[in-house]
$ cat input_2.txt   # compact mmCIF, C-alpha atoms
# COMPACT_ATOMS: atom_id res chain seq x y z
CA ARG D 468 -24.28 -12.66 -19.52
CA GLU D 469 -22.58 -14.92 -22.06
CA ARG D 470 -22.59 -17.75 -19.51
CA GLU D 471 -26.30 -17.20 -18.86
CA ARG D 472 -27.02 -17.29 -22.58
CA GLU D 473 -25.07 -20.55 -22.94
CA ARG D 474 -27.05 -22.04 -20.07
CA GLU D 475 -30.30 -20.97 -21.77
CA ARG D 476 -29.16 -22.62 -25.02
CA GLU D 477 -28.37 -25.84 -23.15
CA MET D 478 -31.80 -25.77 -21.51
CA LYS D 479 -33.45 -25.23 -24.89
CA MET D 480 -31.54 -28.19 -26.39
CA THR D 481 -32.55 -30.36 -23.43
CA LYS D 482 -36.20 -29.41 -23.87
CA LEU D 483 -36.02 -30.18 -27.59
CA SER D 484 -34.49 -33.56 -26.79
CA LEU D 485 -37.27 -34.31 -24.33
CA ILE D 486 -39.86 -33.27 -26.90
CA ALA D 487 -38.27 -35.54 -29.52
CA VAL D 488 -38.23 -38.47 -27.10
CA ALA D 489 -41.88 -37.84 -26.23
CA VAL D 490 -42.80 -37.80 -29.94
CA LEU D 491 -40.87 -40.95 -30.88
CA ALA D 492 -41.72 -42.99 -27.77
CA PRO D 493 -45.21 -44.15 -28.98
CA THR D 494 -43.78 -45.18 -32.35
CA VAL D 495 -40.99 -47.21 -30.80
CA VAL D 496 -43.38 -48.97 -28.46
CA ALA D 497 -45.90 -49.73 -31.26
CA PHE D 498 -43.28 -51.31 -33.52
CA ALA D 499 -41.50 -53.33 -30.82
CA PRO D 500 -41.25 -57.12 -31.84
CA ALA D 501 -43.73 -59.26 -29.94
CA ALA D 502 -41.59 -62.45 -30.12
CA ARG D 503 -38.62 -60.97 -28.32
CA THR D 504 -40.43 -59.01 -25.66
CA LYS D 505 -43.19 -61.55 -25.14
CA SER D 506 -45.39 -58.85 -23.78
CA ALA D 507 -48.41 -57.07 -25.00
CA VAL D 508 -48.04 -53.71 -26.59
CA VAL D 509 -49.17 -51.09 -24.15
CA ALA D 510 -50.60 -47.91 -25.59
CA PRO D 511 -49.23 -44.72 -24.10
CA ALA D 512 -51.35 -43.13 -21.47
CA ALA D 513 -53.25 -40.00 -22.20
CA SER D 514 -51.13 -38.02 -19.76
CA HIS D 515 -47.90 -38.89 -21.63
CA THR D 516 -49.14 -38.14 -25.12
CA PHE D 517 -47.40 -35.38 -26.98
CA SER D 518 -49.23 -32.08 -27.17
CA PRO D 519 -47.45 -29.42 -29.28
CA ALA D 520 -49.66 -26.67 -27.89
CA ARG D 521 -48.77 -27.63 -24.29
CA TYR D 522 -45.00 -27.69 -24.83
CA GLY D 523 -45.15 -24.51 -26.91
CA ALA D 524 -46.91 -22.67 -24.07
CA LEU D 525 -44.30 -23.85 -21.53
CA TYR D 526 -41.47 -22.81 -23.80
CA ALA D 527 -43.01 -19.35 -24.28
CA GLU D 528 -43.39 -18.92 -20.49
CA ASP D 529 -39.69 -19.75 -19.94
CA ASP D 530 -38.64 -17.18 -22.54
CA ALA D 531 -40.82 -14.53 -20.90
CA VAL D 532 -39.34 -15.22 -17.45
CA THR D 533 -35.78 -15.06 -18.82
CA GLU D 534 -36.40 -11.76 -20.59
CA ALA D 535 -38.01 -10.25 -17.48
CA THR D 536 -35.03 -11.34 -15.33
CA GLU D 537 -32.36 -10.04 -17.66
CA GLY D 538 -33.98 -6.81 -18.76
CA PRO D 539 -32.45 -4.52 -21.35
CA PRO D 540 -28.65 -4.07 -21.05
CA SER D 541 -28.98 -0.33 -20.50
CA GLU D 542 -31.36 -0.81 -17.56
CA VAL D 543 -28.98 -3.31 -15.93
CA ASP D 544 -26.07 -0.91 -16.28
CA ASP D 545 -28.08 1.95 -14.81
CA LEU D 546 -29.09 -0.17 -11.84
CA ALA D 547 -25.47 -1.22 -11.20
CA LYS D 548 -24.33 2.40 -11.32
CA ALA D 549 -27.09 3.48 -8.95
CA GLU D 550 -26.17 0.74 -6.47
CA SER D 551 -22.47 1.65 -6.56
CA LEU D 552 -23.27 5.32 -6.02
CA GLY D 553 -25.52 4.41 -3.12
CA ARG D 554 -22.79 2.37 -1.43
CA GLY D 555 -20.23 5.13 -1.93
CA ALA D 556 -22.57 7.77 -0.52
CA ALA D 557 -23.27 5.59 2.51
CA LYS D 558 -19.55 5.11 3.15
CA ALA D 559 -18.91 8.84 2.91
CA LYS D 560 -21.69 9.53 5.40
CA ARG D 561 -20.34 6.94 7.82
CA GLY D 562 -16.85 8.45 7.53
CA LYS D 563 -18.17 11.91 8.35
CA ARG D 564 -20.08 10.62 11.36
CA LYS D 565 -17.05 8.77 12.75
CA GLY D 566 -14.36 11.38 12.21
CA GLY D 567 -16.13 14.68 12.30
CA ALA D 568 -14.45 18.05 12.15
CA ALA D 569 -11.78 17.08 14.69
CA ASP D 570 -10.29 14.38 12.45
CA GLU D 571 -10.33 16.72 9.46
CA THR D 572 -8.49 19.38 11.46
CA LYS D 573 -5.85 16.90 12.63
CA ALA D 574 -5.39 15.54 9.12
CA ALA D 575 -4.94 19.06 7.74
CA ARG D 576 -2.44 19.85 10.49
CA LYS D 577 -0.43 16.69 9.76
CA THR D 578 -0.43 17.47 6.04
CA ALA D 579 0.82 21.00 6.69
CA ALA D 580 3.54 19.67 8.99
CA ALA D 581 4.62 17.15 6.38
CA LEU D 582 4.92 19.85 3.72
CA THR D 583 6.86 22.22 5.97
CA PRO D 584 10.63 21.55 5.91
CA GLU D 585 12.00 20.14 9.16
CA GLU D 586 14.14 22.56 11.16
CA THR D 587 16.47 21.55 13.99
CA TYR D 588 16.20 23.60 17.18
CA TYR D 589 18.81 21.77 19.26
CA GLU D 590 21.15 18.85 18.69
CA GLY D 591 23.76 17.89 21.24
CA PRO D 592 24.43 16.34 24.67
CA PRO D 593 22.56 17.06 27.90
CA ALA D 594 23.48 20.16 29.87
CA ILE D 595 27.08 20.12 31.13
CA THR D 596 25.85 21.32 34.51
CA GLU D 597 24.87 17.76 35.41
CA THR D 598 28.58 16.92 35.83
CA ILE D 599 29.39 19.68 38.35
CA ILE D 600 28.21 18.07 41.57
CA PRO D 601 29.31 14.51 40.66
CA THR D 602 32.79 15.79 39.70
CA VAL D 603 33.16 17.63 42.98
CA SER D 604 32.06 14.52 44.83
CA ILE D 605 35.06 12.60 43.42
CA LEU D 606 36.93 13.83 46.51
CA THR D 607 34.95 11.18 48.35
CA VAL D 608 35.11 7.54 47.41
CA VAL D 609 31.35 7.38 46.95
CA GLY D 610 31.34 10.15 44.32
CA ILE D 611 33.43 8.27 41.76
CA ILE D 612 30.50 6.27 40.40
CA PRO D 613 28.09 9.24 39.94
CA ALA D 614 30.85 11.25 38.26
CA ALA D 615 31.62 8.43 35.85
CA ALA D 616 27.92 8.07 34.99
CA ALA D 617 27.50 11.81 34.41
CA TRP D 618 30.50 12.02 32.07
CA ALA D 619 29.37 8.88 30.26
CA ARG D 620 26.03 10.57 29.56
CA GLN D 621 27.90 13.55 28.17
CA ALA D 622 29.83 11.25 25.84
CA TRP D 623 27.03 8.97 24.62
CA VAL D 624 23.67 10.72 25.06
CA ARG D 625 22.48 13.06 22.31
CA TYR D 626 19.28 15.08 22.11
CA LYS D 627 17.76 16.24 18.84
CA ILE D 628 14.76 18.57 18.96
CA THR D 629 13.21 19.62 15.64
CA THR D 630 9.95 21.07 14.41
CA ARG D 631 8.61 17.54 13.82
CA ARG D 632 10.09 15.22 16.45
CA ILE D 633 12.21 14.69 19.53
CA ARG D 634 14.97 12.07 19.40
CA VAL D 635 17.18 10.70 22.16
CA THR D 636 20.24 8.62 21.29
CA SER D 637 21.92 6.77 24.14
CA GLY D 638 23.73 3.56 25.08
CA VAL D 639 27.32 2.48 24.56
CA GLY D 640 28.42 4.16 21.36
CA GLY D 641 24.95 5.68 20.87
CA LYS D 642 23.36 2.45 19.65
CA ASP D 643 19.98 2.98 21.38
CA MET D 644 17.53 5.45 19.92
CA ALA D 645 14.07 6.64 21.02
CA GLU D 646 11.95 9.06 19.04
CA ILE D 647 8.51 10.64 19.31
CA VAL D 648 6.48 13.02 17.17
CA TYR D 649 4.51 15.91 18.60
CA PRO D 650 0.97 14.70 17.65
CA ASP D 651 1.51 11.64 19.89
CA ILE D 652 2.00 13.77 23.02
CA VAL D 653 -1.09 14.09 25.22
CA GLU D 654 0.47 15.54 28.38
CA LEU D 655 3.71 17.19 29.51
CA ARG D 656 5.35 17.34 32.94
CA THR D 657 8.58 19.21 33.72
CA ALA D 658 10.87 19.90 36.66
CA LYS D 659 13.45 22.69 36.73
CA ARG D 660 16.95 22.14 38.13
CA LEU D 661 19.37 24.38 39.98
CA PHE D 662 21.57 25.65 37.13
CA GLY D 663 18.89 26.51 34.56
CA ASP D 664 18.43 23.09 33.00
CA GLY D 665 15.50 20.74 33.66
CA ASP D 666 13.78 17.41 33.10
CA LEU D 667 10.83 16.61 30.87
CA VAL D 668 8.36 13.71 30.83
CA ALA D 669 5.99 13.34 27.86
CA PHE D 670 2.94 11.08 28.13
CA LEU D 671 1.99 9.49 24.80
CA ARG D 672 -1.30 8.32 23.33
CA ASP D 673 -0.42 4.64 23.74
CA GLY D 674 0.26 5.08 27.47
CA ALA D 675 4.07 5.14 27.19
CA LYS D 676 6.38 7.75 28.73
CA PHE D 677 9.26 9.61 27.12
CA GLU D 678 11.86 11.14 29.46
CA MET D 679 14.61 13.70 28.92
CA ARG D 680 16.98 14.77 31.71
CA ASN D 681 19.12 17.87 32.02
CA ILE D 682 17.78 19.67 28.97
CA PRO D 683 19.98 22.72 28.30
CA GLU D 684 18.39 26.19 28.11
CA PHE D 685 15.33 24.59 29.62
CA GLU D 686 12.80 27.44 29.52
CA ASP D 687 13.46 28.38 25.89
CA THR D 688 13.39 24.72 24.85
CA ILE D 689 10.06 24.11 26.57
CA GLU D 690 8.55 27.15 24.88
CA PHE D 691 9.67 25.80 21.52
CA ILE D 692 8.14 22.37 22.26
CA LEU D 693 4.85 23.95 23.38
CA LYS D 694 4.56 25.65 19.99
CA GLN D 695 4.79 22.26 18.25
CA VAL D 696 2.33 20.22 20.34
CA ASP D 697 -1.47 20.46 20.21
CA LYS D 698 -2.99 23.60 21.65
CA ASP D 699 -4.92 21.64 24.28
CA VAL D 700 -1.71 19.99 25.52
CA ALA D 701 0.08 23.35 25.70
CA ALA D 702 -2.82 24.97 27.58
CA GLU D 703 -2.97 22.11 30.08
CA TYR D 704 0.78 22.32 30.67
CA ARG D 705 0.66 26.05 31.37
CA LYS D 706 -1.94 25.37 34.04
CA LYS D 707 -0.24 22.59 36.02
CA GLY D 708 2.55 21.06 33.94
CA ASP D 709 5.52 22.51 35.84
CA VAL D 710 5.72 20.48 39.08
CA THR D 711 8.26 22.92 40.57
CA ASN D 712 5.80 25.81 40.15
CA PRO D 713 2.41 24.56 41.41
$ encode --input "input_2.txt" --output "structure tokens"
Amino acid sequence: REREREREREMKMTKLSLIAVAVLAPTVVAFAPAARTKSAVVAPAASHTFSPARYGALYAEDDAVTEATEGPPSEVDDLAKAESLGRGAAKAKRGKRKGGAADETKAARKTAAALTPEETYYEGPPAITETIIPTVSILTVVGIIPAAAAWARQAWVRYKITTRRIRVTSGVGGKDMAEIVYPDIVELRTAKRLFGDGDLVAFLRDGAKFEMRNIPEFEDTIEFILKQVDKDVAAEYRKKGDVTNP
């Protein structure tokens, strides 16, 4: 507003300057020396003559337009508040249409999970039963490599299953780590093994797969995981998730 007022003052000064020039122009022309200019004195045309009433009317019209544009400060503030409230209400409506009740339920579930302290269900290596057959096969030359791989997994692979996530640490010295959280799981597939352990494959929202082999105490562990995932995922798994029990 201060800048607009300064601009109005500059415009007023410019108009006053133009009015002064219009008033003094006939006088300057009338008193110009004839010897130097060597031209006849030309009287100002009727259209260029100064008319105080005309310039006063124009000046009054400009003031009226400025006042109508600005308006009282209180009205301007009220309009700005109304516009901001309108934009905020529109954004809230758009957010409700996009998310709906499903997004609110998921957000509430994530908040509750974040507030609940994380509890560890299992932390340790894969089931020791995976080394039985490879160890027995050492009697043959071919079985040395599978036995070495199985015992290496026992030494370097670690599973950690908690109420919030599943983590698998592997690699030489346990340098590789993969981790998922339960809300990212959209589908589960499992396969039971001979000695009570089993394998699990989790399909994630981004299309990736997360695999765990030789999970100890397989049935109890799967039941614990099903309690953490979404209800739809658990219901779908109970229908056709176990490939060994079609």
$ residues_around --input "input_2.txt" --residues "region 679-684 of chain D" --least-positions-apart "5" --cutoff "7 Å" --atoms "only C-alpha atoms" --output "list in words"
Pro593, Ala594, Glu597, Gly663, Asp664, Gly665, Asp666, Leu667 and Val668 of chain D
$ residues_around --input "input_2.txt" --residues "region 692-708 of chain D" --least-positions-apart "5" --cutoff "12 Å" --atoms "all atoms listed in the file" --output "MDAnalysis selection string"
chainID D and resid 572:573 576:577 580 585:589 627:633 647:659 666:672 685:687 713
$ residues_around --input "input_2.txt" --residues "Gly640 (chain D)" --least-positions-apart "6" --cutoff "10 Å" --atoms "all atoms listed in the file" --output "ChimeraX atom specification"
/D:622-624
$ write_last_selection --input "input_2.txt" --atoms "C-alpha atoms" --output "short mmCIF file (atom, residue, chain, number, x, y, z; two decimals), keeping the file's coordinate frame"
data_model
loop_
_atom_site.label_atom_id
_atom_site.label_comp_id
_atom_site.auth_asym_id
_atom_site.auth_seq_id
_atom_site.Cartn_x
_atom_site.Cartn_y
_atom_site.Cartn_z
CA ALA D 622 29.83 11.25 25.84
CA TRP D 623 27.03 8.97 24.62
CA VAL D 624 23.67 10.72 25.06
#
$ atom_distance --input "input_2.txt" --atom1 "CA of Ile689 (chain D)" --atom2 "CA of Gly641 (chain D)"
24.4 Å
$ residues_around --input "input_2.txt" --residues "Pro601 (chain D)" --least-positions-apart "5" --cutoff "8 Å" --atoms "all atoms listed in the file" --output "list in words"
Gly610, Ile611, Pro613, Ala614 and Ala617 of chain D
$ atom_distance --input "input_2.txt" --atom1 "CA of Thr598 (chain D)" --atom2 "CA of Gly638 (chain D)"
17.8 Å
$ atom_distance --input "input_2.txt" --atom1 "CA of Gly591 (chain D)" --atom2 "CA of Val609 (chain D)"
28.8 Å
